[in-house]
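Q: Please find one structure pasted underneath; my questions will follow.
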Amino acid sequence: MNLNIVGIIPARYSSSRFPGKPLADILGKPMIQWVYERSKLAKSLKDVYIATDDERIADTVDSFGGKYIMTSKNCKSGTDRIIEALSQIEEHIDRALNLANIS
């Protein structure tokens with residue numbers, strides 16, 4: 001059986017411990033780009049999305065050619081953000097993986 005599996009990376013800017021963490025520079029790239037690029041290497045994933053509530057993160061993802069889904073700022077957890085993002089994906093998804101909580 002060939003399952004349609006997607007990975008979703010929840011990312012928010014407004015963390016109390018480290019605001020802006022997804023955009024933190026690591027060796028010339030924002031952290032979110034490192035996570036996205038490594039996730040895309042997983043052969044079992046049909047696609048990878050970043051679920052975010054912040055335009056700065058969305059703009060950054062756009063700049064490196066990644067896919068993102070805008071979610072509500074009211075999501076209380078990364079899991080909530082993933083559930084909301086899944087409701088916006090139009091294709092059939094068999095499984096979704098929470099790839100990283102970088103919030």
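So you can find residues: chains in the structure tokens are A, B, ... in the order shown, residues in each start at 1, and ligands are numbered from 1 in order.
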Mind checking DSSP for region 22-99 of chain A and telling me the strand (DSSP E) residues as a PyMOL selection string?
A: chain A and resi 25-26+29-30+47-52+68-70+95-98
Q: Would you kindly return, as an NGL selection string, each protein, DNA or RNA residue with an atom no farther than 12 Å from any atom of region 33-46 of chain A, considering only C-alpha atoms and excluding same-chain residues fewer than 2 positions away?
A: :A and (2-11 or 21-31 or 48-51 or 57-68 or 91-102)
Q: Give me every alpha helix (DSSP H) residue in chain A, going by DSSP on the backbone, as a list in words.
A: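 Across chain A, those assigned alpha helix (DSSP H) are Met31, Ile32, Gln33, Trp34, Val35, Tyr36, Glu37, Arg38, Ser39, Lys40, Glu55, Arg56, Ile57, Ala58, Asp59, Thr60, Val61, Asp62, Ser63, Gly78, Thr79, Asp80, Arg81, Ile82, Ile83, Glu84, Ala85 and Leu86 of chain A.
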Q: Given only C-alpha atoms as the basis, pick out the residue of A:Gln88, A:Asp54, A:Lys76, A:Met1 nearest to Ser14 (chain A).
A: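 Of all the options, A:Asp54 lies closest to Ser14 (chain A).
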Q: Could you state the separation of CA of Thr71 (chain A) and CA of Ile89 (chain A) in Å, given to one decimal place?
A: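 Separation between CA of Thr71 (chain A) and CA of Ile89 (chain A): 11.9 Å.
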